[in-house]
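Heads up, the thing below is written out as structure tokens.
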Amino acid sequence: MAGKRRRRFGAMRKLPSGRYQVSYLGPDSKRRNAPETFPNKTAAEQYLARLETTMMAGEWADPAKAKIHVGDYADQWITQRPRLSPRTVDLYRWLLAKHIEPYVGRLPMGKLTPAAVRQWRVDLLAAGVSQTMAAKAYRLLRAVLNTAVDEDSILVKNPCRVRGADQETPSERPVLTVKQVFELADAMPVRRLRTLILVTAFCTLRWGEVVALRRGDVAPDGSRLHVRQAVTEVARRGVVVGPPKSRAGVRTLIVPAAVRAELVQHLEEWVDAGSEALLFPADNGKHMRRSNFSQRVKWTQLVTRLGMKGVHFHDLRHAGNIWVARVGVSTKDLMARMGHDDMRAALIYQRATQEADQAIADQLSKLADEHRSD
DNA sequence: GGGCTCTTCGGTCGGGATAG
DNA sequence: CTATCCCGACCGAAGAGCCC
């Protein structure tokens, strides 16, 4: 066209109706029309200018893809995610079906605004969903949408921006005393489960770790324990044996002298020969199952009867950790014993100890004050 | 300007109820 | 007894912020 310079970015034409239509090349070099036409040339120019800026900033979103439904995209996301553990896949699918799909699943991606996300969360909580589960669902949706932003150019910005919505409200677990742990152990219907309780508490083990222990993991004199495996129960696959939860989970523990004799006796009386024999097997010789144990010892009723209502098996591990922290070890040492890579949990125990120290100090001060006033 | 701590984000395991 | 549903708690890696 004579006299007309080609535009640096995009193209523009006047339609028979008198309105202006613009088109442009996306980052994928495909030509697209703007979703609407403009009443005058200036408006069209402004649209192109804004568009160019977003594209330069790498924030351009493909309008066609924005029509994909949130639920479909999320479903695809889970399927395509590499290296998710089976447990996580199960959880994600469940969260999607239960807490996401029914609310925003049929919404096109482009229609999922921050306001819609906010409302979704409000609805979820109003429906009686706990903070914890709402936070989980929120985090999943956010992770999905982050991929939509970063990799697929479906969205410009993640609409999940509710402050604190990803936070799970931590709750205090009861702290068992040494005496209570022994009471619990004594209440076990059979001797070998008594040992299970004591080893779990004094070696601060996880359930999956303690039931995976084998004869070869215990030093002959019961002084050391080698944690090298852990089991998880996976839907449709049953018990799965693998490495412990974290890298630091593989560890060697010194067994407190107080339970060594018991452990050695347990090995003699109950554990099959051979280094691969399980320390605490089920009656069928295979790994003990959680629900099997709970039902067998009637856990819920038991702890209630002993005045420890609401105590979980995992609280044995907590108790052990608290005791260890009270002995006055460093955070690093505590982490090593717990099999943690992360210091957060260890710090919680040390804080609990500090509070106890404070209480002791306060009591001492009181005594001193009483003395002075005499 | 390198090592530390804190926060954010994504991911994994534990526990109880209940149906089979 | 096992399997599964539903929910709650816990954890690791990397990025952000901070302090020498």
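Chain labels follow the order of the structure tokens: the first chain is A, the next B, and so on; residue numbering restarts at 1 in every chain, and ligands are counted from 1 in their shown order.
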### Query
Counting only C-alpha atoms (C1' of nucleotides), which residues of chain B come no farther than 9 Å from chain A, as a PyMOL selection string?
chain B and resi 9-16
### Query
Skipping near chain neighbours, those fewer than 5 positions away, what residues fall within 10 Å of B:DT7 using only C-alpha atoms (C1' of nucleotides), listed as a VMD selection string?
chain C and resid 15 to 17
### Query
Taking into account only C-alpha atoms (C1' of nucleotides), which residue in the set A:Val144, A:Leu316, A:Met308, A:Ala134 is nearest to chain C?
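Among A:Val144, A:Leu316, A:Met308, A:Ala134, it is A:Ala134 that comes nearest to chain C.
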### Query
So which one's closest to A:Val178, A:Asp221, A:Leu253, A:Ala201, A:Arg215? Using only C-alpha atoms, please.
A:Ala201
### Message
Residues within 10 Å of A:Asn158, please, as a ChimeraX atom specification. Count only C-alpha atoms (C1' of nucleotides); anything in the same chain fewer than 3 positions from it doesn't count.
### Response
/A:112-114,141-150,155,161
### Task
List every residue of stretch 55-282 of chain A that DSSP, applied to the backbone of this structure, places in strand (DSSP E), and write the result as JSON, numbers by chain.
{"A": [224, 225, 226, 227, 230, 231, 232, 233, 234, 238, 239, 240, 241, 242, 251, 252, 253, 254]}
Per-residue nearest contacts of chain C to chain A (12 Å; only C-alpha atoms (C1' of nucleotides)) as a Markdown table:
```
| residue | atom | partner | partner_atom | distance |
| --- | --- | --- | --- | --- |
| C:DC1 | C1' | A:Asn292 | CA | 7.4 |
| C:DT2 | C1' | A:Asn292 | CA | 8.5 |
| C:DA3 | C1' | A:Ala235 | CA | 7.9 |
| C:DT4 | C1' | A:Ala235 | CA | 7.5 |
| C:DC5 | C1' | A:Trp94 | CA | 9.6 |
| C:DC6 | C1' | A:Trp94 | CA | 9.2 |
| C:DC7 | C1' | A:Met133 | CA | 7.3 |
| C:DG8 | C1' | A:Thr132 | CA | 6.9 |
| C:DA9 | C1' | A:Pro170 | CA | 7.8 |
| C:DC10 | C1' | A:Ala345 | CA | 8.5 |
| C:DC11 | C1' | A:Asp342 | CA | 7.3 |
| C:DG12 | C1' | A:Asp342 | CA | 6.7 |
| C:DA13 | C1' | A:Asp342 | CA | 9.6 |
```
### Query
If you count only C-alpha atoms (C1' of nucleotides), which residues fall within 12 Å of C:DC18, apart from same-chain ones fewer than 3 positions away, as a list in words?
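Once the nearby chain positions are removed, what remains is DG2, DG3, DC4, DT5 and DC6 of chain B.
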#### Entry: atom CA of A:Val311 to atom CA of A:Arg228, straight-line distance in Å
27.0 Å
### Query
How would you write, as a ChimeraX atom specification, the set of residues in stretch 138-255 of chain A that DSSP gives as alpha helix (DSSP H)?
/A:138-150,178-186,191-202,207-210
Take the selection from the previous step and output its residues with C-alpha atoms, as a short mmCIF file (atom, residue, chain, number, x, y, z; two decimals), in the first residue's frame.
```
data_model
loop_
_atom_site.label_atom_id
_atom_site.label_comp_id
_atom_site.auth_asym_id
_atom_site.auth_seq_id
_atom_site.Cartn_x
_atom_site.Cartn_y
_atom_site.Cartn_z
CA TYR A 138 -5.79 -23.95 47.88
CA ARG A 139 -2.15 -24.95 47.55
CA LEU A 140 -3.00 -27.53 44.93
CA LEU A 141 -4.97 -25.04 42.87
CA ARG A 142 -2.18 -22.51 43.20
CA ALA A 143 0.41 -25.04 42.04
CA VAL A 144 -1.75 -25.94 39.06
CA LEU A 145 -2.25 -22.32 38.11
CA ASN A 146 1.43 -21.55 38.54
CA THR A 147 2.09 -24.02 35.77
CA ALA A 148 -0.62 -22.36 33.68
CA VAL A 149 1.21 -19.06 34.11
CA ASP A 150 4.82 -20.17 33.83
CA VAL A 178 7.95 -41.31 80.62
CA LYS A 179 5.55 -42.77 83.15
CA GLN A 180 2.63 -42.57 80.75
CA VAL A 181 4.56 -44.25 77.97
CA PHE A 182 5.36 -47.15 80.27
CA GLU A 183 1.73 -47.36 81.31
CA LEU A 184 0.77 -47.56 77.69
CA ALA A 185 3.40 -50.20 77.03
CA ASP A 186 2.24 -52.25 80.01
CA ARG A 191 4.76 -58.64 75.21
CA ARG A 192 6.08 -57.88 71.75
CA LEU A 193 3.77 -54.95 71.31
CA ARG A 194 5.02 -53.60 74.61
CA THR A 195 8.49 -53.55 73.11
CA LEU A 196 7.10 -51.86 70.02
CA ILE A 197 5.77 -49.01 72.14
CA LEU A 198 8.99 -48.52 74.06
CA VAL A 199 11.24 -48.67 71.02
CA THR A 200 9.06 -46.20 69.17
CA ALA A 201 9.12 -43.68 71.99
CA PHE A 202 12.72 -44.02 73.10
CA TRP A 207 5.20 -45.83 62.44
CA GLY A 208 6.42 -46.65 58.94
CA GLU A 209 9.96 -46.93 60.25
CA VAL A 210 9.35 -49.09 63.28
#
```
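Put simply, atom CA of A:Leu225 is 29.4 Å away from atom CA of A:Leu306.
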